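final_16.txt (compact mmCIF, C-alpha atoms) appears below.
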# COMPACT_ATOMS: atom_id res chain seq x y z
CA MET L 515 314.23 150.20 159.55
CA SER L 516 310.84 151.19 160.97
CA LEU L 517 310.45 153.96 163.52
CA ALA L 518 309.80 153.10 167.16
CA PHE L 519 306.14 152.53 168.02
CA ALA L 520 305.11 152.55 164.35
CA LEU L 521 302.51 149.80 164.81
CA GLU L 522 301.22 151.30 168.05
CA LYS L 523 300.84 154.65 166.29
CA GLN L 524 298.78 153.12 163.47
CA VAL L 525 296.55 151.17 165.83
CA ALA L 526 296.02 154.14 168.13
CA ILE L 527 295.09 156.44 165.22
CA SER L 528 292.62 153.84 163.95
CA ALA L 529 291.05 153.40 167.39
CA VAL L 530 290.74 157.14 168.03
CA LEU L 531 289.32 157.81 164.56
CA ARG L 532 286.63 155.15 164.97
CA ALA L 533 285.77 156.54 168.40
CA CYS L 534 285.56 160.06 166.93
CA SER L 535 283.21 158.81 164.23
CA LEU L 536 281.03 157.27 166.93
CA THR L 537 280.97 160.35 169.18
CA SER L 538 280.15 162.64 166.27
CA ALA L 539 277.29 160.37 165.22
CA VAL L 540 275.90 160.28 168.74
CA PHE L 541 275.99 164.05 169.03
CA ASN L 542 274.23 164.50 165.72
CA LYS L 543 271.38 162.21 166.78
CA LEU L 544 271.43 162.43 170.57
CA VAL L 545 268.84 160.13 172.06
CA LYS L 546 266.95 161.50 175.05
CA ASN L 547 267.87 160.09 178.48
CA GLU L 548 271.19 158.63 177.31
CA THR L 549 273.06 160.42 180.07
CA LEU L 550 274.05 158.97 183.43
CA VAL L 551 275.44 161.04 186.28
CA LYS L 552 278.53 159.86 188.10
CA GLY L 553 279.13 160.57 191.76
CA ASP L 554 281.21 163.62 190.94
CA LYS L 555 278.28 165.01 188.90
CA SER L 556 280.21 165.05 185.63
CA PRO L 557 277.99 163.84 182.80
CA VAL L 558 278.72 160.51 181.21
CA THR L 559 277.02 159.90 177.90
CA VAL L 560 276.33 156.72 176.05
CA ALA L 561 279.09 157.87 173.70
CA ASP L 562 281.62 157.71 176.56
CA TYR L 563 280.94 154.03 177.19
CA SER L 564 280.66 153.13 173.52
CA ALA L 565 283.92 154.87 172.63
CA GLN L 566 285.79 153.12 175.44
CA ALA L 567 284.39 149.79 174.30
CA VAL L 568 285.52 150.40 170.71
CA ILE L 569 289.05 151.48 171.64
CA ASN L 570 289.51 148.67 174.15
CA VAL L 571 288.33 146.04 171.66
CA ILE L 572 290.93 147.25 169.17
CA LEU L 573 293.74 147.42 171.74
CA ALA L 574 292.87 143.95 173.03
CA GLN L 575 293.07 142.52 169.51
CA ALA L 576 296.31 144.28 168.54
CA PHE L 577 298.12 144.14 171.90
CA PRO L 578 296.40 141.48 174.03
CA SER L 579 299.00 141.62 176.82
CA ASP L 580 298.77 145.37 177.37
CA PRO L 581 296.72 146.57 180.36
CA ILE L 582 294.59 149.70 180.07
CA VAL L 583 293.87 152.50 182.53
CA GLY L 584 290.53 153.85 181.35
CA GLU L 585 288.18 156.42 182.84
CA GLU L 586 284.96 154.40 182.67
CA ASP L 587 283.74 151.07 184.02
CA SER L 588 280.51 149.24 183.36
CA ALA L 589 279.21 148.97 186.94
CA ASP L 590 276.30 151.39 186.40
CA LEU L 591 275.43 149.74 183.11
CA ARG L 592 275.17 146.32 184.77
CA ASN L 593 272.76 147.65 187.41
CA ASP L 594 269.47 145.99 186.47
CA SER L 595 267.61 147.81 189.23
CA ASP L 596 267.96 150.96 187.11
CA PRO L 597 265.27 150.85 184.41
CA THR L 598 267.44 152.86 181.99
CA SER L 599 270.36 150.42 182.06
CA ALA L 600 268.92 147.92 179.59
CA THR L 601 268.20 150.68 177.06
CA LEU L 602 271.70 152.08 177.46
CA ARG L 603 273.31 148.65 177.05
CA SER L 604 271.36 148.06 173.85
CA ARG L 605 272.33 151.45 172.44
CA ILE L 606 276.00 150.99 173.37
CA THR L 607 276.04 147.59 171.69
CA GLU L 608 274.58 149.06 168.51
CA LEU L 609 276.92 152.07 168.40
CA ALA L 610 280.10 150.15 169.22
CA ASN L 611 279.40 147.50 166.60
CA GLU L 612 278.68 150.16 163.97
CA ALA L 613 282.03 151.86 164.66
CA LEU L 614 283.99 148.61 164.69
CA ALA L 615 282.41 147.50 161.40
CA LEU L 616 283.24 150.66 159.42
CA PRO L 617 285.13 149.90 156.18
CA LEU L 618 288.89 149.48 156.48
CA ARG L 619 291.10 152.36 155.39
CA ASP L 620 294.08 151.45 153.21
CA TRP L 621 296.43 151.17 156.18
CA GLU L 622 294.07 149.48 158.66
CA LYS L 623 294.25 145.74 159.37
CA ALA L 624 291.33 143.38 159.92
CA GLU L 625 293.37 141.58 162.57
CA TRP L 626 292.88 144.62 164.80
CA GLY L 627 289.29 143.45 165.22
CA ILE L 628 287.79 145.97 162.82
CA GLY L 629 286.08 146.04 159.44
CA PRO L 630 282.83 144.67 158.02
CA THR L 631 283.97 141.04 158.01
CA HIS L 632 284.04 140.78 161.80
CA GLY L 633 280.96 139.46 163.55
CA GLN L 634 278.90 141.53 165.95
CA ARG L 635 280.16 141.71 169.53
CA THR L 636 277.64 140.82 172.18
CA THR L 637 276.62 143.21 174.92
CA SER L 638 278.50 141.06 177.44
CA GLN L 639 281.68 141.19 175.35
CA LEU L 640 281.47 144.97 175.04
CA LEU L 641 280.86 145.49 178.76
CA ASP L 642 283.90 143.30 179.43
CA ALA L 643 285.86 145.42 176.94
CA ILE L 644 284.92 148.56 178.85
CA ASP L 645 286.17 146.93 182.03
CA ARG L 646 289.56 146.17 180.49
CA GLY L 647 290.18 149.78 181.50
CA ASN L 648 290.18 148.91 185.20
CA PHE L 649 293.95 148.45 185.49
CA SER L 650 295.28 150.28 188.54
CA GLY L 651 298.48 151.55 186.89
CA ALA L 652 302.10 150.72 187.67
CA ARG L 653 305.58 152.21 187.96
CA LYS L 654 307.13 149.62 185.62
CA GLY L 655 305.92 148.00 182.45
CA ARG L 656 303.75 149.00 179.55
CA MET L 657 300.15 150.23 179.65
CA TRP L 658 297.67 152.38 177.77
CA THR L 659 295.59 155.13 179.31
CA LEU L 660 292.32 156.28 177.81
CA ASP L 661 289.75 159.02 178.21
CA PRO L 662 287.02 158.16 175.69
CA ILE L 663 285.49 161.64 175.91
CA ASP L 664 287.61 164.21 177.70
CA GLY L 665 285.37 167.23 178.19
CA THR L 666 281.94 165.63 178.37
CA LYS L 667 280.26 168.98 179.07
CA GLY L 668 281.92 170.46 176.00
CA PHE L 669 280.71 167.46 174.02
CA LEU L 670 277.13 167.98 175.15
CA ARG L 671 277.33 171.70 174.27
CA GLY L 672 278.68 170.93 170.80
CA GLU L 673 281.97 172.58 171.72
CA GLN L 674 285.42 171.18 172.41
CA TYR L 675 286.09 167.65 173.57
CA ALA L 676 288.78 165.11 172.81
CA VAL L 677 289.18 161.35 172.48
CA CYS L 678 292.50 160.76 174.21
CA LEU L 679 294.73 157.68 174.08
CA ALA L 680 298.33 157.34 175.25
CA LEU L 681 300.92 154.59 175.64
CA ILE L 682 303.09 154.63 178.76
CA GLU L 683 306.22 152.54 179.36
CA ASP L 684 307.99 152.55 182.72
CA SER L 685 306.11 155.73 183.74
CA GLU L 686 307.12 157.64 180.59
CA VAL L 687 304.61 158.61 177.91
CA LYS L 688 305.79 157.21 174.58
CA LEU L 689 302.83 157.85 172.28
CA GLY L 690 299.83 160.15 172.38
CA VAL L 691 296.90 160.34 169.95
CA MET L 692 294.06 162.82 170.47
CA GLY L 693 291.02 163.31 168.30
CA CYS L 694 289.26 166.69 168.42
CA PRO L 695 286.20 166.46 166.14
CA ASN L 696 285.03 170.05 166.78
CA LEU L 697 288.39 171.85 166.69
CA PRO L 698 288.90 174.02 163.57
CA LEU L 699 291.88 173.08 161.43
CA LYS L 700 292.97 176.71 161.76
CA ALA L 701 292.61 178.62 165.02
CA GLY L 702 289.62 180.90 165.11
CA ASP L 703 288.24 179.72 161.77
CA GLU L 704 284.86 178.68 163.10
CA ALA L 705 283.35 178.72 159.61
CA GLY L 706 286.10 176.51 158.18
CA GLU L 707 286.75 172.79 158.30
CA LYS L 708 286.71 171.16 161.72
CA GLY L 709 288.07 167.89 162.98
CA CYS L 710 291.73 167.24 163.87
CA ILE L 711 293.86 164.32 164.97
CA PHE L 712 296.98 165.16 166.95
CA VAL L 713 299.80 162.62 167.20
CA ALA L 714 303.07 162.63 169.14
CA VAL L 715 305.72 159.92 169.50
CA GLU L 716 308.66 160.34 171.84
CA GLY L 717 311.61 161.67 169.88
CA GLN L 718 309.62 161.99 166.63
CA GLY L 719 307.86 165.33 167.08
CA SER L 720 304.20 166.34 167.07
CA GLU L 721 301.81 166.56 164.14
CA GLN L 722 298.27 167.52 163.22
CA ARG L 723 296.14 165.74 160.64
CA PRO L 724 292.67 166.61 159.34
CA ILE L 725 290.20 163.86 160.21
CA SER L 726 288.96 164.17 156.63
CA SER L 727 292.41 163.69 155.08
CA LEU L 728 294.72 161.67 157.29
CA GLN L 729 297.61 161.58 154.83
CA ASP L 730 298.06 165.37 155.23
CA ALA L 731 300.21 165.33 158.37
CA THR L 732 301.58 168.75 159.35
CA PRO L 733 304.38 169.05 161.95
CA ILE L 734 303.44 171.49 164.71
CA HIS L 735 305.66 173.60 166.95
CA ILE L 736 305.11 176.09 169.74
CA PRO L 737 306.00 179.57 168.44
CA THR L 738 308.11 182.09 170.33
CA ARG L 739 306.34 185.32 171.30
CA PRO L 740 307.09 188.24 173.66
CA LEU L 741 305.59 187.86 177.13
CA SER L 742 303.26 190.79 176.52
CA GLU L 743 301.66 188.99 173.56
CA LEU L 744 301.02 185.66 175.27
CA ARG L 745 297.58 184.20 175.90
CA THR L 746 296.64 181.73 178.60
CA LEU L 747 294.55 178.60 178.08
CA GLU L 748 292.29 177.36 180.84
CA SER L 749 289.24 175.21 181.51
CA VAL L 750 285.72 176.44 180.87
CA GLU L 751 284.57 174.84 184.12
CA ALA L 752 285.64 176.80 187.19
CA ALA L 753 285.49 173.56 189.20
CA HIS L 754 288.39 172.16 187.16
CA SER L 755 290.92 174.97 187.67
CA SER L 756 291.19 178.06 189.84
CA GLN L 757 290.46 180.89 187.42
CA SER L 758 291.25 183.51 190.07
CA THR L 759 294.76 182.11 190.48
CA THR L 760 295.17 182.02 186.70
CA GLY L 761 294.20 185.70 186.58
CA ARG L 762 296.85 186.61 189.14
CA ILE L 763 299.47 184.65 187.21
CA ALA L 764 298.57 186.42 183.99
CA GLN L 765 298.76 189.77 185.75
CA ALA L 766 302.19 188.93 187.16
CA LEU L 767 303.37 188.12 183.63
CA GLY L 768 301.94 191.35 182.22
CA ILE L 769 299.43 189.48 180.06
CA THR L 770 296.43 191.62 179.17
CA ALA L 771 294.68 189.40 176.61
CA ALA L 772 291.62 187.50 177.79
CA PRO L 773 292.20 183.80 178.48
CA VAL L 774 291.22 181.20 175.90
CA ARG L 775 288.77 178.87 177.62
CA MET L 776 287.90 175.45 176.29
CA ASP L 777 287.16 172.00 177.60
CA SER L 778 289.39 168.93 177.43
CA GLN L 779 292.92 168.19 176.25
CA ALA L 780 292.10 170.30 173.21
CA LYS L 781 293.94 172.94 175.27
CA TYR L 782 297.16 170.95 174.97
CA CYS L 783 296.54 170.62 171.24
CA SER L 784 295.91 174.35 170.88
CA LEU L 785 299.08 175.13 172.81
CA ALA L 786 301.16 172.74 170.71
CA ARG L 787 300.14 174.46 167.47
CA GLY L 788 300.33 178.02 168.85
CA ASP L 789 296.66 178.97 169.35
CA GLY L 790 297.56 179.89 172.94
CA ASP L 791 300.80 180.05 174.86
CA ILE L 792 300.38 178.96 178.48
CA TYR L 793 298.09 176.21 179.78
CA LEU L 794 297.33 176.67 183.45
CA ARG L 795 295.39 174.14 185.53
CA MET L 796 295.62 175.32 189.13
CA PRO L 797 294.15 173.40 192.08
CA THR L 798 290.69 174.54 193.17
CA GLY L 799 290.90 173.09 196.66
CA VAL L 800 291.96 170.16 198.80
CA GLY L 801 290.96 166.66 197.76
CA TYR L 802 290.89 166.73 193.96
CA VAL L 803 293.61 164.75 192.22
CA GLU L 804 294.45 164.78 188.52
CA LYS L 805 293.95 161.56 186.56
CA ILE L 806 296.67 160.28 184.26
CA TRP L 807 294.30 159.99 181.29
CA ASP L 808 293.65 163.75 181.45
CA HIS L 809 297.29 164.65 180.80
CA ALA L 810 299.33 161.77 179.34
CA GLY L 811 298.80 162.34 175.60
CA GLY L 812 298.63 166.11 175.87
CA SER L 813 301.83 166.42 177.86
CA LEU L 814 303.78 164.44 175.24
CA LEU L 815 302.23 166.47 172.41
CA VAL L 816 303.41 169.73 174.00
CA THR L 817 306.85 168.36 174.86
CA GLU L 818 307.42 167.07 171.32
CA ALA L 819 306.25 170.43 169.96
CA GLY L 820 309.03 172.17 171.87
CA GLY L 821 307.30 172.88 175.16
CA VAL L 822 307.59 171.97 178.81
CA VAL L 823 304.92 170.45 181.06
CA SER L 824 305.38 170.42 184.83
CA ASP L 825 303.53 170.92 188.06
CA SER L 826 303.56 174.34 189.70
CA ARG L 827 306.85 173.52 191.46
CA GLY L 828 308.56 172.82 188.14
CA GLN L 829 308.59 169.06 188.71
CA PRO L 830 307.68 166.71 185.82
CA LEU L 831 304.33 164.95 185.94
CA ASP L 832 304.64 161.42 187.34
CA PHE L 833 302.67 158.81 185.41
CA GLY L 834 303.89 155.93 187.58
CA LEU L 835 301.76 156.55 190.67
CA GLY L 836 298.71 154.59 189.57
CA ARG L 837 295.55 156.07 188.10
CA THR L 838 296.30 159.58 189.36
CA LEU L 839 299.21 162.03 189.36
CA GLY L 840 299.31 161.99 193.15
CA GLU L 841 299.15 165.11 195.29
CA ASN L 842 297.78 167.97 193.21
CA PHE L 843 300.27 170.76 192.63
CA GLY L 844 298.58 171.90 189.44
CA VAL L 845 299.75 171.61 185.84
CA ILE L 846 301.73 174.24 183.90
CA ALA L 847 302.47 173.88 180.19
CA SER L 848 304.18 176.41 177.94
CA GLY L 849 307.04 176.96 175.54
CA LYS L 850 310.51 176.29 176.90
CA ASP L 851 311.52 179.94 176.64
CA VAL L 852 308.75 181.25 178.90
CA HIS L 853 308.37 178.35 181.34
CA PRO L 854 310.76 179.75 184.00
CA SER L 855 308.90 183.08 183.92
CA VAL L 856 305.56 181.29 184.29
CA LEU L 857 306.79 179.31 187.30
CA GLU L 858 308.00 182.53 188.95
CA ALA L 859 304.62 184.16 188.29
CA VAL L 860 302.90 181.15 189.86
CA ARG L 861 305.09 181.52 192.93
CA LYS L 862 304.19 185.20 193.25
CA ALA L 863 300.47 184.59 192.73
CA ARG L 864 300.41 181.89 195.38
CA ALA L 865 302.33 184.07 197.82
CA GLU L 866 299.73 186.82 197.35
CA GLU L 867 296.92 184.36 197.97
CA SER L 868 298.58 183.09 201.13
CA GLN L 869 298.89 186.62 202.50
CA LYS L 870 295.14 187.14 202.05
CA LEU L 871 294.19 184.04 204.04

Output the structure of this file as structure tokens.
Amino acid sequence: MSLAFALEKQVAISAVLRACSLTSAVFNKLVKNETLVKGDKSPVTVADYSAQAVINVILAQAFPSDPIVGEEDSADLRNDSDPTSATLRSRITELANEALALPLRDWEKAEWGIGPTHGQRTTSQLLDAIDRGNFSGARKGRMWTLDPIDGTKGFLRGEQYAVCLALIEDSEVKLGVMGCPNLPLKAGDEAGEKGCIFVAVEGQGSEQRPISSLQDATPIHIPTRPLSELRTLESVEAAHSSQSTTGRIAQALGITAAPVRMDSQAKYCSLARGDGDIYLRMPTGVGYVEKIWDHAGGSLLVTEAGGVVSDSRGQPLDFGLGRTLGENFGVIASGKDVHPSVLEAVRKARAEESQKL
């Protein structure tokens, strides 16, 4: 008897791996002027669009009835008044087709729309594939959520980013696959091999696999450490999380070690394997809301590794509100043993901040 979501797991790993191959290739030969700027001033590279096209093509072939909540849409790319759009469309078409046509691994299936025997997709088909990610989300039913490059600034710096894909059913995350091409296989081993795939299935635990050797799956678990030895994980970008609040929380916990700062859901991956102990993403102000693609896969990975993910009130994240998590109360992730202490420290830190207003 096969395990639940076995096919979805295989397809998701294939899609994320091909997207990782694409993003790595783009970084290694970045073409000048391949960056657009969205309204929120976060960079969007040609790799972002190409990776979403690749993953959505594969999902559409394997699971044609499943809707997708993706970060990107092709509106800017279809804007012919922008002289760069035609160049970008051409480059995206080339990159996506290269990734889709890579040779099949032993366990991959041509019917997923991949492999050298498939014909080239047209630009129009790939733009339509990108726009399959325009689903608005739902409380009931089954859907995928995708961030083709989570941590675009980290990607452009050659640091941490992640290709993140998750399957949600009736508002619950069932499967998460995250590719981290620049993350060392062992924490801190910057000179060693890099490139990890992290996989979690509800009720089946979490695992890490080297991108170079997928058969070597290693179960991962959050270790237990004394409070005084814990390290916090937070975003590099101050605009993404209040670093001052994080500092107060660490102080309330008696943590003296400097925070580990990195971009993307690589923080969830690092927490799940014990590189850090507490992931804090505290609101920076009124108006910003968290997107479901930024937390779905990572939250399941941490939970299946023995952790807890909640908002700052201790409530579980709600993936049934649409494309966002609703009102922003922050995100707290840690091992089960320390989570109550972290929530109490958050309460104290916020009370101190309120007194200073």

List every residue of region 794-822 of chain L that has an atom at most 8 Å from any atom of region 649-668 of chain L, and for each one report the closest atom pair and its distance in Å to one decimal, counting only C-alpha atoms, with rows sorted by chain and then by increasing residue number, as JSON lines.
{"residue": "L:Ile806", "atom": "CA", "partner": "L:Thr659", "partner_atom": "CA", "distance": 7.2}
{"residue": "L:Trp807", "atom": "CA", "partner": "L:Thr659", "partner_atom": "CA", "distance": 5.4}
{"residue": "L:Asp808", "atom": "CA", "partner": "L:Asp661", "partner_atom": "CA", "distance": 6.9}
{"residue": "L:Ala810", "atom": "CA", "partner": "L:Thr659", "partner_atom": "CA", "distance": 7.6}

Can you tell me which residues surround Ala780 (chain L) at a distance of at most 10 Å, considering only C-alpha atoms, apart from same-chain residues fewer than 4 positions away, and format the answer as an MDAnalysis selection string? chainID L and resid 664:665 674:678 692:697 710 712 747 776 784:786 812

Of the listed residues L:Tyr802, L:Tyr563, L:Tyr782, L:Phe541, that which approaches Gly690 (chain L) most closely, counting all atoms listed in the file: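 Nearest candidate to Gly690 (chain L) out of L:Tyr802, L:Tyr563, L:Tyr782, L:Phe541: L:Tyr782.
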
What is the distance between CA of Lys688 (chain L) and CA of Ser778 (chain L), in Å to one decimal?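 Separating CA of Lys688 (chain L) from CA of Ser778 (chain L) is a distance of 20.4 Å.
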
Spatial sel., origin (288.5, 146.0, 173.8), limit 12 Å, all atoms listed in the file, listed as a ChimeraX atom specification: /L:529,563-582,584,610-611,614,626-628,635,638-648,658,660

At most 10 Å from (301.9, 169.5, 188.0), file frame, all atoms listed in the file: which residues, as a list in words?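 Those residues, ordered by chain and then number, are Leu794, Arg795, Met796, Pro797, Glu804, His809, Val823, Ser824, Asp825, Ser826, Arg827, Gly828, Gln829, Pro830, Leu831, Asp832, Leu839, Gly840, Glu841, Asn842, Phe843, Gly844, Val845, Ile846 and Ala847 of chain L.
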
Which one is closest to Ala680 (chain L): L:Val822, L:Ala771, L:Leu815, L:Ala518? Count all atoms listed in the file. L:Leu815

Identify, on the basis of all atoms listed in the file, every residue whose closest approach to Gly790 (chain L) does not exceed 12 Å; exclude the query and any residue fewer than 6 positions from it along the same chain; express the result as a ChimeraX atom specification. /L:701-702,735-739,743-748,771-776,780-784,816,847-849

Skipping near chain neighbours, those fewer than 6 positions away, what residues fall within 7 Å of Ala859 (chain L) using only C-alpha atoms, listed as a list in words?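 Residues near the query, excluding close chain neighbours: Ile763, Ala766 and Leu767 of chain L.
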
Atomic distance CA of Leu681 (chain L) - CA of Glu622 (chain L), expressed in Å with one decimal: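 Interatomic distance, CA of Leu681 (chain L) to CA of Glu622 (chain L): 19.0 Å.
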
Using all atoms listed in the file, which of L:Leu616, L:Ala539, L:Leu609, L:Ile792 sits nearest Val852 (chain L)?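 Result for the nearest residue to Val852 (chain L): L:Ile792.
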
Given only C-alpha atoms as the basis, pick out the residue of L:Glu608, L:Glu721, L:Asp590, L:Glu522 nearest to Leu689 (chain L). L:Glu522

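Among the candidates L:Arg619, L:Val560, L:Arg864, L:Leu857, the one nearest to Ser599 (chain L) when counting all atoms listed in the file is L:Val560.
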
Between CA of Arg671 (chain L) and CA of Pro724 (chain L), distance in Å (one decimal): 22.0 Å

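Nearest residue to Asp789 (chain L), choosing from L:His632, L:Lys700, L:Lys623, L:Arg532 and counting only C-alpha atoms: L:Lys700.
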
What lies within 8 Å of Pro733 (chain L) using only C-alpha atoms, ignoring chain neighbours under 5 positions off, as a PyMOL selection string? chain L and resi 719-722

Show me, as lines of an AutoDock Vina configuration file, the centre and edge lengths in Å to one decimal of the axis-aligned box that covers every listed atom of region 707-719 of chain L with 8 Å on each side.
center_x = 299.2
center_y = 166.4
center_z = 165.1
size_x = 40.9
size_y = 28.9
size_z = 29.5

For region 583-592 of chain L, supply all heavy atoms and report the output as a PDB file, in the frame of the given file.
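Written out: out-v1.pdb:
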ATOM      1  N   VAL L 583     294.438 151.649 181.477  1.00  0.00           N
ATOM      2  CA  VAL L 583     293.870 152.500 182.530  1.00  0.00           C
ATOM      3  C   VAL L 583     292.856 153.415 181.859  1.00  0.00           C
ATOM      4  O   VAL L 583     293.212 154.371 181.182  1.00  0.00           O
ATOM      5  CB  VAL L 583     294.962 153.336 183.225  1.00  0.00           C
ATOM      6  CG1 VAL L 583     294.340 154.237 184.296  1.00  0.00           C
ATOM      7  CG2 VAL L 583     296.034 152.448 183.837  1.00  0.00           C
ATOM      8  N   GLY L 584     291.584 153.077 181.996  1.00  0.00           N
ATOM      9  CA  GLY L 584     290.530 153.850 181.350  1.00  0.00           C
ATOM     10  C   GLY L 584     289.673 154.580 182.362  1.00  0.00           C
ATOM     11  O   GLY L 584     289.603 154.192 183.539  1.00  0.00           O
ATOM     12  N   GLU L 585     288.986 155.628 181.905  1.00  0.00           N
ATOM     13  CA  GLU L 585     288.180 156.420 182.840  1.00  0.00           C
ATOM     14  C   GLU L 585     286.922 155.688 183.290  1.00  0.00           C
ATOM     15  O   GLU L 585     286.515 155.776 184.442  1.00  0.00           O
ATOM     16  CB  GLU L 585     287.783 157.754 182.205  1.00  0.00           C
ATOM     17  CG  GLU L 585     286.996 158.626 183.179  1.00  0.00           C
ATOM     18  CD  GLU L 585     286.612 159.971 182.616  1.00  0.00           C
ATOM     19  OE1 GLU L 585     286.587 160.125 181.390  1.00  0.00           O
ATOM     20  OE2 GLU L 585     286.331 160.865 183.429  1.00  0.00           O
ATOM     21  N   GLU L 586     286.276 154.956 182.376  1.00  0.00           N
ATOM     22  CA  GLU L 586     284.960 154.400 182.670  1.00  0.00           C
ATOM     23  C   GLU L 586     285.024 152.939 183.089  1.00  0.00           C
ATOM     24  O   GLU L 586     285.971 152.229 182.776  1.00  0.00           O
ATOM     25  CB  GLU L 586     284.040 154.541 181.452  1.00  0.00           C
ATOM     26  CG  GLU L 586     283.975 155.935 180.847  1.00  0.00           C
ATOM     27  CD  GLU L 586     283.544 157.004 181.822  1.00  0.00           C
ATOM     28  OE1 GLU L 586     282.976 156.673 182.892  1.00  0.00           O
ATOM     29  OE2 GLU L 586     283.789 158.188 181.535  1.00  0.00           O
ATOM     30  N   ASP L 587     283.982 152.503 183.819  1.00  0.00           N
ATOM     31  CA  ASP L 587     283.740 151.070 184.020  1.00  0.00           C
ATOM     32  C   ASP L 587     282.253 150.826 183.850  1.00  0.00           C
ATOM     33  O   ASP L 587     281.457 151.766 183.800  1.00  0.00           O
ATOM     34  CB  ASP L 587     284.262 150.579 185.376  1.00  0.00           C
ATOM     35  CG  ASP L 587     283.485 151.168 186.539  1.00  0.00           C
ATOM     36  OD1 ASP L 587     282.264 150.927 186.623  1.00  0.00           O
ATOM     37  OD2 ASP L 587     284.080 151.870 187.370  1.00  0.00           O
ATOM     38  N   SER L 588     281.890 149.573 183.753  1.00  0.00           N
ATOM     39  CA  SER L 588     280.510 149.240 183.360  1.00  0.00           C
ATOM     40  C   SER L 588     279.587 148.983 184.544  1.00  0.00           C
ATOM     41  O   SER L 588     278.470 148.499 184.358  1.00  0.00           O
ATOM     42  CB  SER L 588     280.520 148.011 182.447  1.00  0.00           C
ATOM     43  OG  SER L 588     280.868 146.850 183.193  1.00  0.00           O
ATOM     44  N   ALA L 589     280.006 149.313 185.762  1.00  0.00           N
ATOM     45  CA  ALA L 589     279.210 148.970 186.940  1.00  0.00           C
ATOM     46  C   ALA L 589     277.786 149.517 186.854  1.00  0.00           C
ATOM     47  O   ALA L 589     276.806 148.796 187.113  1.00  0.00           O
ATOM     48  CB  ALA L 589     279.899 149.481 188.202  1.00  0.00           C
ATOM     49  N   ASP L 590     277.643 150.793 186.488  1.00  0.00           N
ATOM     50  CA  ASP L 590     276.300 151.390 186.400  1.00  0.00           C
ATOM     51  C   ASP L 590     275.481 150.735 185.303  1.00  0.00           C
ATOM     52  O   ASP L 590     274.259 150.576 185.430  1.00  0.00           O
ATOM     53  CB  ASP L 590     276.399 152.898 186.151  1.00  0.00           C
ATOM     54  CG  ASP L 590     276.899 153.665 187.369  1.00  0.00           C
ATOM     55  OD1 ASP L 590     276.718 153.159 188.487  1.00  0.00           O
ATOM     56  OD2 ASP L 590     277.470 154.755 187.187  1.00  0.00           O
ATOM     57  N   LEU L 591     276.145 150.350 184.228  1.00  0.00           N
ATOM     58  CA  LEU L 591     275.430 149.740 183.110  1.00  0.00           C
ATOM     59  C   LEU L 591     274.910 148.346 183.449  1.00  0.00           C
ATOM     60  O   LEU L 591     273.927 147.881 182.868  1.00  0.00           O
ATOM     61  CB  LEU L 591     276.338 149.650 181.886  1.00  0.00           C
ATOM     62  CG  LEU L 591     276.816 150.979 181.305  1.00  0.00           C
ATOM     63  CD1 LEU L 591     277.842 150.735 180.215  1.00  0.00           C
ATOM     64  CD2 LEU L 591     275.656 151.789 180.777  1.00  0.00           C
ATOM     65  N   ARG L 592     275.571 147.669 184.368  1.00  0.00           N
ATOM     66  CA  ARG L 592     275.170 146.320 184.770  1.00  0.00           C
ATOM     67  C   ARG L 592     274.106 146.330 185.867  1.00  0.00           C
ATOM     68  O   ARG L 592     273.652 145.267 186.306  1.00  0.00           O
ATOM     69  CB  ARG L 592     276.389 145.526 185.242  1.00  0.00           C
ATOM     70  CG  ARG L 592     277.454 145.307 184.165  1.00  0.00           C
ATOM     71  CD  ARG L 592     278.648 144.571 184.743  1.00  0.00           C
ATOM     72  NE  ARG L 592     279.796 144.532 183.857  1.00  0.00           N
ATOM     73  CZ  ARG L 592     280.069 143.560 182.988  1.00  0.00           C
ATOM     74  NH1 ARG L 592     279.244 142.533 182.887  1.00  0.00           N
ATOM     75  NH2 ARG L 592     281.155 143.605 182.227  1.00  0.00           N
TER      76      ARG L 592
END
